[in-house]
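Q: Questions regarding the structure given below will be posed in turn.
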Amino acid sequence: MCGIVGYIGERKALPILINGLKRLEYRGYDSAGIAIHNGEKLHVHKKKGKVADLERDVKDKNIDGHIGIGHTRWATHGEPNDVNAHPHVSQNGLFVLIHNGIIENYKQLKNFLIDKGYQFKSETDTEVLVNLIEYMYLEGGTDAEMAVRLALSEVIGAYAIVVISTNEPDKLIAARKSSPLVIGLGKGEYFLASDATPIVEYTNRVVYLDNDNIAILKKDEFVLKNLDNQELSPIIQNIDFNLAAIEKNGYDHFMLKEIFEQPDAIHDTMRGRISSDGTMVRLGGIMDVMDKILKAERFVIVGCGTSWHAGLVGEYLIENLARIPVEVEYGSEFRYRNPIIKKEDIVIAISQSGETADTLAAVELAKHNEATVLGICNVVGSSIARETHAGVYTHAGPEIGVASTKAFTAQVTVLSMFSLMLSQEKGTLPYSDFKYLVKELQHIPGKIARVLEQNAYIRDLADRYKNATNFLYLGRGYLYPVALEGALKLKEISYIHAEGYPAAEMKHGPIALIDENMPVVFLATKDKIYEKVLNNIEEVKSRGGRVIAIATEGDETVRKMVDHIIEVPHVPEPLAPLVTVVPLQLLAYHAAVLRGNDVDQPRNLAKSVTVE
């Protein structure tokens, strides 16, 4: 969840590190720091707060040097403060280290080092690791690389680390296990980061480290090894997005930009996967395992947060269109409840970043049980993309805002195409219905564009309710997951408490909360259970609730029943989540802005949750 940057080359390291940390702010953090070695002296500066605070702190200091590391920390062990911030320096000043992940056995290691005379300044597991490396270095009489390797052999947990040895200040040593780390390859220089966003403006050639990889970087040398000291051949990939993709381009916030990018993101996700005449859907990334998919008697979808909500939509899609049973699991619960996974099962892991720790753990468990595992993710070269047997990229482009928007609709688009493809392969959907749904799916970008035209109206609506303390979101069928997603968006960026429910479940408890101060958002588009939803609206209105309805264009019946209506174009029921979620994203966004919140970096949240 933390952000790592590193540089070695001929340029001054400081501006590269500060710029890189700014690029990584979207991941979520509470402190920031840098360490730069100028060949003679190590400069370490770290501070609680934003990267801008760190930048002001180092502005007038003479910090030269062409090798350095930087870090944004999201607190796990120890409160956010200057002392717990990274980088951490070993007791004798021989090593400085930044770390993303959790060292699970740090208490045992800390007690061991205390017995050896080490003292600790911070509450972090990271300071334990940097001192363990120093201990191995001094006791073993070895070089820095071997000290890192020996220390990591004692570690239980997840890590991405970058280390500088003050006795060997001409190299960076990086290692990775279950936490992302990427190396950018320049001409006579190398860049390190948690993801590609700090690297893209310098080079488009990268190497994604695998588990148990150790990289040794000098200005003109890159050596990749495993923990057993065997040299490996790095696999070089090209980054497929440019600098403009990670800039705001005139929008006030990345979240608003990404909401408005959804027509293009969905179009890009479909591109090349639907034939020009709309008669065929083909997801090339899974064709090698298509025979196993078609033989499967059960799908298990695993995700966290917004990706879990997309999985719930996928459950409706796959079961209704392809008639295959589906279970949707929280990644964080999956491996701890001893799930029944059969060799014939298909497990689908969904993650925007492809690095979500709980989802990755579910992937490992499914593979251990010999199930076929598919990945749906947005980041090329990510861990889930590498660890699964096959999969589909969403092609939504970089998503910087912590609150996921275009990633959700791109994931649902992939699940829609997947379900349609299966329906044809299995013969569960009449061909005329298949063609109709494919055609309507191709029209979704244009229909979302029409929803986005209501942005100003939705802002005014948000202004009316920005001071509410509670919201209720209700939907049925395909729109129940949308209710959950709408409530999540409001919670995570506006800090207004909100809950999503199936509309019929309102009577089983939540109806007790409804009064004239309770805004209730209904997903009330015309579908086969439309009349049931109208009854639920009546139940809320009779108790004084304020109703905001997401309804089909031209629906005068709903308009007369509710306090406010946001119209969306008509779409077939299976595709309704794609258009109905957009006004809920805008409602949450504007409520948060009007409340003065940091929309792109909401408190306590991280974009890529790489720890449990």
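Note on naming: chains are A, B, ... as they come in the structure tokens, residues start from 1 per chain, ligands start from 1 in the order shown.
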Determine, for each residue of stretch 274-389 of chain A having at least one atom at most 10 Å from an atom of stretch 429-434 of chain A, the closest pair of atoms and their separation in Å to one decimal, counting only C-alpha atoms; order by chain and ascending number, as CSV.
A:
```
residue,atom,partner,partner_atom,distance
A:Gly278,CA,A:Phe434,CA,9.2
A:Thr279,CA,A:Phe434,CA,8.2
A:Met280,CA,A:Phe434,CA,9.2
A:Val281,CA,A:Phe434,CA,9.9
A:Asn320,CA,A:Leu429,CA,9.2
A:Leu321,CA,A:Leu429,CA,6.3
A:Ala322,CA,A:Leu429,CA,7.2
A:Arg323,CA,A:Leu429,CA,9.2
```
Q: Write the residues of the selection above to a file with N, CA, C and O atoms, as a short mmCIF file (atom, residue, chain, number, x, y, z; two decimals), in the first residue's frame.
A:
```cif
data_model
loop_
_atom_site.label_atom_id
_atom_site.label_comp_id
_atom_site.auth_asym_id
_atom_site.auth_seq_id
_atom_site.Cartn_x
_atom_site.Cartn_y
_atom_site.Cartn_z
N GLY A 278 -21.09 -7.53 -34.95
CA GLY A 278 -21.75 -7.86 -33.70
C GLY A 278 -22.24 -9.29 -33.60
O GLY A 278 -23.10 -9.60 -32.78
N THR A 279 -21.65 -10.19 -34.38
CA THR A 279 -22.11 -11.58 -34.36
C THR A 279 -21.22 -12.49 -33.53
O THR A 279 -21.53 -13.66 -33.35
N MET A 280 -20.10 -11.97 -33.02
CA MET A 280 -19.19 -12.83 -32.28
C MET A 280 -18.47 -12.02 -31.20
O MET A 280 -18.07 -10.88 -31.41
N VAL A 281 -18.31 -12.64 -30.03
CA VAL A 281 -17.51 -12.08 -28.94
C VAL A 281 -16.38 -13.07 -28.67
O VAL A 281 -16.63 -14.27 -28.50
N ASN A 320 -27.57 -16.01 -15.43
CA ASN A 320 -28.73 -15.75 -16.27
C ASN A 320 -28.48 -16.06 -17.74
O ASN A 320 -29.36 -16.59 -18.43
N LEU A 321 -27.30 -15.70 -18.23
CA LEU A 321 -27.04 -15.86 -19.67
C LEU A 321 -26.42 -17.20 -20.01
O LEU A 321 -26.76 -17.79 -21.05
N ALA A 322 -25.51 -17.70 -19.17
CA ALA A 322 -24.80 -18.94 -19.49
C ALA A 322 -25.26 -20.12 -18.67
O ALA A 322 -24.85 -21.26 -18.94
N ARG A 323 -26.09 -19.88 -17.65
CA ARG A 323 -26.69 -20.93 -16.83
C ARG A 323 -25.65 -21.82 -16.14
O ARG A 323 -25.76 -23.04 -16.09
#
```
Q: For the strand (DSSP E) assignment from backbone DSSP, which residues of stretch 496-535 of chain A qualify? Please present them as an MDAnalysis selection string.
A: chainID A and resid 497:502 519:523
Q: Could the residues in this selection be saved with C-alpha atoms as an mmCIF file, in the first residue's frame?
A:
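Result file follows (out04.cif):
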```cif
data_model
loop_
_atom_site.group_PDB
_atom_site.id
_atom_site.type_symbol
_atom_site.label_atom_id
_atom_site.label_comp_id
_atom_site.auth_asym_id
_atom_site.auth_seq_id
_atom_site.Cartn_x
_atom_site.Cartn_y
_atom_site.Cartn_z
ATOM 1 C CA HIS A 497 -22.487 6.841 6.292
ATOM 2 C CA ALA A 498 -24.351 4.872 3.633
ATOM 3 C CA GLU A 499 -25.613 1.336 3.222
ATOM 4 C CA GLY A 500 -26.754 -0.624 0.194
ATOM 5 C CA TYR A 501 -29.483 -3.261 0.369
ATOM 6 C CA PRO A 502 -31.722 -5.311 -1.870
ATOM 7 C CA PRO A 519 -32.229 10.318 1.782
ATOM 8 C CA VAL A 520 -32.988 7.024 0.037
ATOM 9 C CA VAL A 521 -31.565 6.340 -3.421
ATOM 10 C CA PHE A 522 -33.601 3.867 -5.481
ATOM 11 C CA LEU A 523 -32.369 2.091 -8.602
#
```
Q: Give me, as JSON lines, each residue of stretch 128-246 of chain A that comes within 10 Å of stretch 369-390 of chain A, together with its shortest interatomic pair and the distance in Å at one decimal, counting only C-alpha atoms, with rows ordered by chain and rising residue number.
A:
```
{"residue": "A:Ser178", "atom": "CA", "partner": "A:Ser383", "partner_atom": "CA", "distance": 8.1}
{"residue": "A:Ser179", "atom": "CA", "partner": "A:Ser383", "partner_atom": "CA", "distance": 8.5}
{"residue": "A:Pro180", "atom": "CA", "partner": "A:Ser383", "partner_atom": "CA", "distance": 7.3}
{"residue": "A:Leu181", "atom": "CA", "partner": "A:Ser382", "partner_atom": "CA", "distance": 9.5}
{"residue": "A:Val182", "atom": "CA", "partner": "A:Gly381", "partner_atom": "CA", "distance": 9.3}
{"residue": "A:Asp195", "atom": "CA", "partner": "A:Ser382", "partner_atom": "CA", "distance": 8.8}
{"residue": "A:Ala196", "atom": "CA", "partner": "A:Val379", "partner_atom": "CA", "distance": 9.4}
{"residue": "A:Val206", "atom": "CA", "partner": "A:Gly381", "partner_atom": "CA", "distance": 9.6}
{"residue": "A:Val207", "atom": "CA", "partner": "A:Gly381", "partner_atom": "CA", "distance": 8.8}
{"residue": "A:Tyr208", "atom": "CA", "partner": "A:Gly381", "partner_atom": "CA", "distance": 6.6}
{"residue": "A:Leu209", "atom": "CA", "partner": "A:Ser383", "partner_atom": "CA", "distance": 9.3}
{"residue": "A:Asp210", "atom": "CA", "partner": "A:Ser383", "partner_atom": "CA", "distance": 7.9}
{"residue": "A:Asn211", "atom": "CA", "partner": "A:Ser383", "partner_atom": "CA", "distance": 9.1}
{"residue": "A:Gln237", "atom": "CA", "partner": "A:Gly381", "partner_atom": "CA", "distance": 8.1}
{"residue": "A:Asn238", "atom": "CA", "partner": "A:Val380", "partner_atom": "CA", "distance": 9.4}
{"residue": "A:Ile239", "atom": "CA", "partner": "A:Val380", "partner_atom": "CA", "distance": 8.0}
{"residue": "A:Asp240", "atom": "CA", "partner": "A:Val380", "partner_atom": "CA", "distance": 8.1}
```
Q: One decimal, Å: what's the distance from atom CA of A:Gly397 over to atom CA of A:Tyr202, could you say?
A: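 Straight-line distance from atom CA of A:Gly397 to atom CA of A:Tyr202 works out to 18.6 Å.
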Q: Compile the contact shell of stretch 80-92 of chain A as a ChimeraX atom specification: residues with an atom at most 9 Å away, counting only C-alpha atoms, same-chain residues fewer than 5 positions apart removed.
A: /A:30-35,44-49,69-75,97-99,118-124,126-134
Q: To one decimal place in Å, what is the distance between atom CA of A:Val300 and atom CA of A:Leu490?
A: 28.0 Å
Q: A:Gln442, A:Ala396, A:Val200, A:Asp228: which is nearest A:Ser275, counting only C-alpha atoms?
A: A:Gln442
Q: Using only C-alpha atoms for the distances, tell me which of A:Lys435, A:Lys343, A:His66, A:Arg176 is nearest to A:Asp277.
A: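 Smallest separation from A:Asp277 among the options: A:Lys435.
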